[in-house]
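Q: Just dropping this structure here.
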Amino acid sequence: MSEQNRSGSDRVVLNVDNLRIHYATPQGDVIAVSDISFKLYEGETLGLVGESGCGKSTTAYGILQLVQPPGYIVHGSIEVEGAEVLDLTEEELRKFRWTGLSLIPQGAMNSLNPTMRVKDQIIDVIESHEGKQSDKEALRERIYNLFAQVGLPNRIYNMYPHELSGGMKQRVCIAMGVALHPTVVIADEATSALDVVVQRIVAQTLVEVKDEIGVSLIVIGHDMGLLAQIVDRIAVMYAGKMVEIAPVENIYAKPLHPYTQLLIDSIPSIKERKPLKITEGITHDPRNPPSGCIFRLRCPFAWEHCAVEEPSQIIVDEKHEVACHLFDEQFEERRSNAFATIANS
Ligand SMILES: Nc1ncnc2c1ncn2[C@@H]1O[C@H](COP(=O)(O)OP(=O)(O)O)[C@@H](O)[C@H]1O
Ligand SMILES: [Mg+2]
């Protein structure tokens, strides 16, 4: 892929290639992640967006080799700084999680251990990788430092999770996620359970921590408006497929995939009140996807060809990729007509 990033570096820290993940069910396999490819560059923040059930969390679990049965990786490659994650042994993987790649899982703040003090949960993370720490004073200093990085006061050191607000609990999870300075941090819906004001502040903290300790970040979310404020590039998923990937300013100014257009259109604006566009159409059975393009049942521009061939990722310009037949050169005229429709709507 040729996408670039705003972080300035073109060093690829994570390369996901043709990753496919299924969940086996008695009625057949659910295709949760369907042959997706993307890169993450050093120091950048990539937003992974799409509606509930499109495969965002499964992608995150896949990258960390944490897919639980009945889920399984069908094929693909996940390289972190050139090393293939799928080839790591259990012991190597254990070290790799938190230090190479760390995940702040969806709902993390509600799975903090209610019977353990905040400090002990963080110490657990540190000691599970670095062994017992004999210098307790240094350990405390290190945790205070982490607190400062994520905007937590030192007084929570001895507190229990139930004594903290939602925003503070989420900050504790971020502190745990970055404690061992991983190369890549994946934050799965890290702010979704918080109220809107706190959401923004916590999301901002995530980016500040990222800059301070120099990690690369994947932020998973479904709120395009919030993501736009913190990410460099956006990758849009629909029903297990990567449908578009581009720098955030490109995707807002000129969304290409019909699904991305609907997503952008659904961001509410107070200045300009527009009627809500309802996405009519049928969502397919994830065990039995339609032929050709995955979005064609809901797509306002679909035509016969969309049922015949699956669109591959087309490089529209060096920064912008889209998986839609409309951007295939041979369908230029169809694209102009489709865009005229949008302009007039
Ligand atoms: N344990 C499971 N068994 C069967 N299907 C699952 C399981 N976990 C997730 N899925 C399915 O995989 C798809 C992707 O889920 P998920 O990765 O959680 O999506 P997202 O995080 O985007 O909401 C969904 O269709 C979901 O129903
Ligand atoms: Mg999820």
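Residues are named by chain letter and number: chains run A, B, ... in the order of the structure tokens, numbers start at 1 in each chain, and ligands are numbered from 1 in the order shown.
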Residues up to 7 Å from ligand 2, counting only C-alpha atoms and all ligand atoms: could you list those as number ranges by chain?

A: A: 52-53, 55-57, 106, 188-189

Q: Set the cut-off to 9 Å, count only C-alpha atoms and all ligand atoms, and list whatever residues fall near ligand 1 as an NGL selection string.

A: :A and (21-25 or 29-33 or 49-61 or 68-71 or 106 or 188-189 or 220-222 or 237-240 or 285-287)

Q: Might you pull out every residue within 12 Å of Val172 (chain A), with only C-alpha atoms counted and same-chain residues fewer than 5 positions away left off, and present them as a ChimeraX atom specification?

A: /A:104,108-113,117-123,125,143-144,146-154,156-157,159-161,164-167,177-179,190,202,205-206

Q: Generate the output file for the selected residues, C-alpha atoms, as a PDB file, in the first residue's frame.

A:
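Output below, filename result.pdb:
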ATOM      1  CA  ILE A 104      -6.687  -1.550  25.828  1.00  0.00           C
ATOM      2  CA  ALA A 108     -11.497  -2.417  29.910  1.00  0.00           C
ATOM      3  CA  MET A 109     -12.507   0.005  32.621  1.00  0.00           C
ATOM      4  CA  ASN A 110     -15.290  -2.297  33.729  1.00  0.00           C
ATOM      5  CA  SER A 111     -12.970  -5.261  33.936  1.00  0.00           C
ATOM      6  CA  LEU A 112     -10.480  -3.704  36.343  1.00  0.00           C
ATOM      7  CA  ASN A 113     -10.278  -6.012  39.342  1.00  0.00           C
ATOM      8  CA  ARG A 117      -5.982  -1.344  44.553  1.00  0.00           C
ATOM      9  CA  VAL A 118      -5.058   0.655  41.443  1.00  0.00           C
ATOM     10  CA  LYS A 119      -1.340   0.496  42.262  1.00  0.00           C
ATOM     11  CA  ASP A 120      -1.382  -3.293  42.601  1.00  0.00           C
ATOM     12  CA  GLN A 121      -3.040  -3.733  39.206  1.00  0.00           C
ATOM     13  CA  ILE A 122      -0.361  -1.606  37.563  1.00  0.00           C
ATOM     14  CA  ILE A 123       2.417  -3.300  39.529  1.00  0.00           C
ATOM     15  CA  VAL A 125       1.484  -5.566  34.696  1.00  0.00           C
ATOM     16  CA  ILE A 143       3.761   4.743  38.685  1.00  0.00           C
ATOM     17  CA  TYR A 144       3.463   8.410  39.694  1.00  0.00           C
ATOM     18  CA  LEU A 146       2.628   7.125  34.541  1.00  0.00           C
ATOM     19  CA  PHE A 147      -0.188   8.864  36.442  1.00  0.00           C
ATOM     20  CA  ALA A 148       1.196  12.237  35.404  1.00  0.00           C
ATOM     21  CA  GLN A 149       1.350  11.117  31.768  1.00  0.00           C
ATOM     22  CA  VAL A 150      -2.317  10.110  31.723  1.00  0.00           C
ATOM     23  CA  GLY A 151      -3.532  12.988  33.896  1.00  0.00           C
ATOM     24  CA  LEU A 152      -4.250  11.090  37.114  1.00  0.00           C
ATOM     25  CA  PRO A 153      -3.582  12.475  40.602  1.00  0.00           C
ATOM     26  CA  ASN A 154      -1.192  10.558  42.863  1.00  0.00           C
ATOM     27  CA  ILE A 156      -5.536   7.355  43.571  1.00  0.00           C
ATOM     28  CA  TYR A 157      -2.462   5.151  44.124  1.00  0.00           C
ATOM     29  CA  MET A 159      -7.659   3.550  45.846  1.00  0.00           C
ATOM     30  CA  TYR A 160      -9.942   0.840  44.502  1.00  0.00           C
ATOM     31  CA  PRO A 161     -11.582   1.098  41.067  1.00  0.00           C
ATOM     32  CA  LEU A 164     -12.829   6.379  40.686  1.00  0.00           C
ATOM     33  CA  SER A 165     -14.963   8.090  38.046  1.00  0.00           C
ATOM     34  CA  GLY A 166     -15.379   6.451  34.630  1.00  0.00           C
ATOM     35  CA  GLY A 167     -12.866   8.827  33.078  1.00  0.00           C
ATOM     36  CA  GLY A 177      -1.527  -0.115  28.299  1.00  0.00           C
ATOM     37  CA  VAL A 178       1.503   2.138  27.969  1.00  0.00           C
ATOM     38  CA  ALA A 179       3.342   1.098  31.163  1.00  0.00           C
ATOM     39  CA  ALA A 190     -11.571   3.363  24.872  1.00  0.00           C
ATOM     40  CA  VAL A 202      -9.681  11.144  27.521  1.00  0.00           C
ATOM     41  CA  THR A 205      -4.948  12.238  26.687  1.00  0.00           C
ATOM     42  CA  LEU A 206      -4.441   9.129  24.610  1.00  0.00           C
TER      43      LEU A 206
END

Q: Mind the document's chain letters and residue numbers, and return as number ranges by chain the residues of region 39-113 of chain A that DSSP labels helix (DSSP H, G or I).

A: A: 56-63, 85-87, 90-99, 108-111

Q: CA of Gly107 (chain A) and CA of Ala175 (chain A), how far apart in Å?

A: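 That distance, rounded to one decimal, is 15.1 Å.
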
Q: Apply DSSP to the structure's backbone, then extract all residues of region 151-298 of chain A labelled strand (DSSP E or B) and return them as an MDAnalysis selection string.

A: chainID A and resid 184:188 216:221 233:238 241:247

Q: Output C-alpha atoms for every residue in the selection just made, as a short mmCIF file (atom, residue, chain, number, x, y, z; two decimals), in the first residue's frame.

A:
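Result file follows (part_14.cif):
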data_model
loop_
_atom_site.label_atom_id
_atom_site.label_comp_id
_atom_site.auth_asym_id
_atom_site.auth_seq_id
_atom_site.Cartn_x
_atom_site.Cartn_y
_atom_site.Cartn_z
CA VAL A 184 1.98 -0.16 19.12
CA VAL A 185 -1.03 0.50 21.35
CA ILE A 186 -4.52 -0.48 20.22
CA ALA A 187 -7.33 1.27 22.08
CA ASP A 188 -10.66 -0.46 21.42
CA SER A 216 2.11 4.30 17.34
CA LEU A 217 -1.59 4.14 18.02
CA ILE A 218 -4.68 2.47 16.59
CA VAL A 219 -7.89 3.97 17.93
CA ILE A 220 -10.98 1.88 17.33
CA GLY A 221 -14.29 3.68 17.43
CA ARG A 233 -5.57 8.54 9.02
CA ILE A 234 -8.86 6.68 9.01
CA ALA A 235 -9.51 3.11 7.94
CA VAL A 236 -13.16 2.31 7.33
CA MET A 237 -14.47 -1.23 7.77
CA TYR A 238 -17.75 -2.62 6.56
CA LYS A 241 -13.86 -5.66 4.80
CA MET A 242 -11.58 -2.65 4.62
CA VAL A 243 -13.47 -0.35 2.28
CA GLU A 244 -11.47 2.88 2.43
CA ILE A 245 -8.28 4.20 3.97
CA ALA A 246 -7.01 7.77 3.77
CA PRO A 247 -5.68 10.73 5.75
#

Q: Quick one: everything within 12 Å of Lys254 (chain A), counting only C-alpha atoms, minus sequence neighbours fewer than 3 positions away in the same chain. Send it as a PyMOL selection string.

A: chain A and resi 244-251+257-258+260-261+264-265+316+320-322+339+342-343

Q: Can you write out the residues you just picked, keeping C-alpha atoms, as a compact mmCIF listing (two decimals), in the first residue's frame?

A:
# COMPACT_ATOMS: atom_id res chain seq x y z
CA GLU A 244 -11.47 2.88 2.43
CA ILE A 245 -8.28 4.20 3.97
CA ALA A 246 -7.01 7.77 3.77
CA PRO A 247 -5.68 10.73 5.75
CA VAL A 248 -8.42 12.19 7.88
CA GLU A 249 -8.64 15.47 5.97
CA ASN A 250 -9.06 13.66 2.64
CA ILE A 251 -11.75 11.38 3.91
CA HIS A 257 -16.72 4.78 -0.88
CA PRO A 258 -20.52 5.02 -0.80
CA THR A 260 -17.99 6.23 3.93
CA GLN A 261 -20.18 8.88 2.33
CA ILE A 264 -19.75 11.19 6.99
CA ASP A 265 -23.26 12.28 6.15
CA VAL A 316 -6.97 6.64 -6.15
CA HIS A 320 -6.14 7.36 -0.72
CA GLU A 321 -7.37 3.81 -1.25
CA VAL A 322 -10.88 2.58 -1.82
CA PHE A 339 -21.10 11.87 -8.19
CA ILE A 342 -24.52 13.17 -4.79
CA ALA A 343 -23.86 16.79 -5.68

Q: Mind giving me the straight-line distance from CA of Leu14 (chain A) to CA of Glu81 (chain A) in Å, one decimal?

A: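 Calculated distance between CA of Leu14 (chain A) and CA of Glu81 (chain A) is 6.3 Å.
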
Q: Determine the nearest neighbour of Glu90 (chain A) from the options A:Leu227, A:Leu66, A:Glu309, A:Pro300, counting only C-alpha atoms.

A: A:Leu66

Q: CA of Ala203 (chain A) to CA of Leu19 (chain A): how many Å, to one decimal?

A: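 These atoms are spaced 27.5 Å apart.
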
Q: Kindly indicate which residue among A:Ala253, A:Ala83, A:Leu226, A:Leu180 lies nearest to Ser192 (chain A), using only C-alpha atoms for the distances.

A: A:Leu226

Q: With a distance cut-off of 9 Å and only C-alpha atoms, select the neighbouring residues of Phe327 (chain A), excluding the residue or stretch itself and same-chain residues fewer than 4 positions from it, and output the selection as a list in words.

A: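 Those residues are Leu256, His257, Ile314, Ile315, Val316, Val322, Ala323, Phe331, Glu332 and Arg335 of chain A.
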
Q: Create the file for the chosen residues now, containing N, CA and C atoms and written as a short mmCIF file (atom, residue, chain, number, x, y, z; two decimals), in the first residue's frame.

A:
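As a result, result-v7.cif now contains:
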data_model
loop_
_atom_site.label_atom_id
_atom_site.label_comp_id
_atom_site.auth_asym_id
_atom_site.auth_seq_id
_atom_site.Cartn_x
_atom_site.Cartn_y
_atom_site.Cartn_z
N LEU A 256 -14.89 8.65 -0.59
CA LEU A 256 -15.10 8.03 -1.90
C LEU A 256 -16.08 6.86 -1.83
N HIS A 257 -15.86 5.95 -0.92
CA HIS A 257 -16.72 4.78 -0.88
C HIS A 257 -18.14 5.20 -0.47
N ILE A 314 -8.36 -0.02 -4.63
CA ILE A 314 -7.86 0.79 -5.73
C ILE A 314 -7.15 2.01 -5.15
N ILE A 315 -5.95 2.27 -5.66
CA ILE A 315 -5.21 3.44 -5.19
C ILE A 315 -5.65 4.62 -6.03
N VAL A 316 -6.41 5.51 -5.42
CA VAL A 316 -6.97 6.64 -6.15
C VAL A 316 -5.93 7.75 -6.30
N VAL A 322 -9.47 2.90 -1.97
CA VAL A 322 -10.88 2.58 -1.82
C VAL A 322 -11.19 1.27 -2.54
N ALA A 323 -12.05 0.46 -1.93
CA ALA A 323 -12.45 -0.80 -2.56
C ALA A 323 -13.87 -0.64 -3.11
N PHE A 331 -14.93 2.27 -15.42
CA PHE A 331 -16.29 2.70 -15.08
C PHE A 331 -16.37 4.20 -14.80
N GLU A 332 -15.45 4.91 -15.40
CA GLU A 332 -15.32 6.36 -15.23
C GLU A 332 -16.67 7.09 -15.39
N ARG A 335 -19.05 6.60 -12.64
CA ARG A 335 -18.63 7.35 -11.46
C ARG A 335 -19.08 8.82 -11.57
#
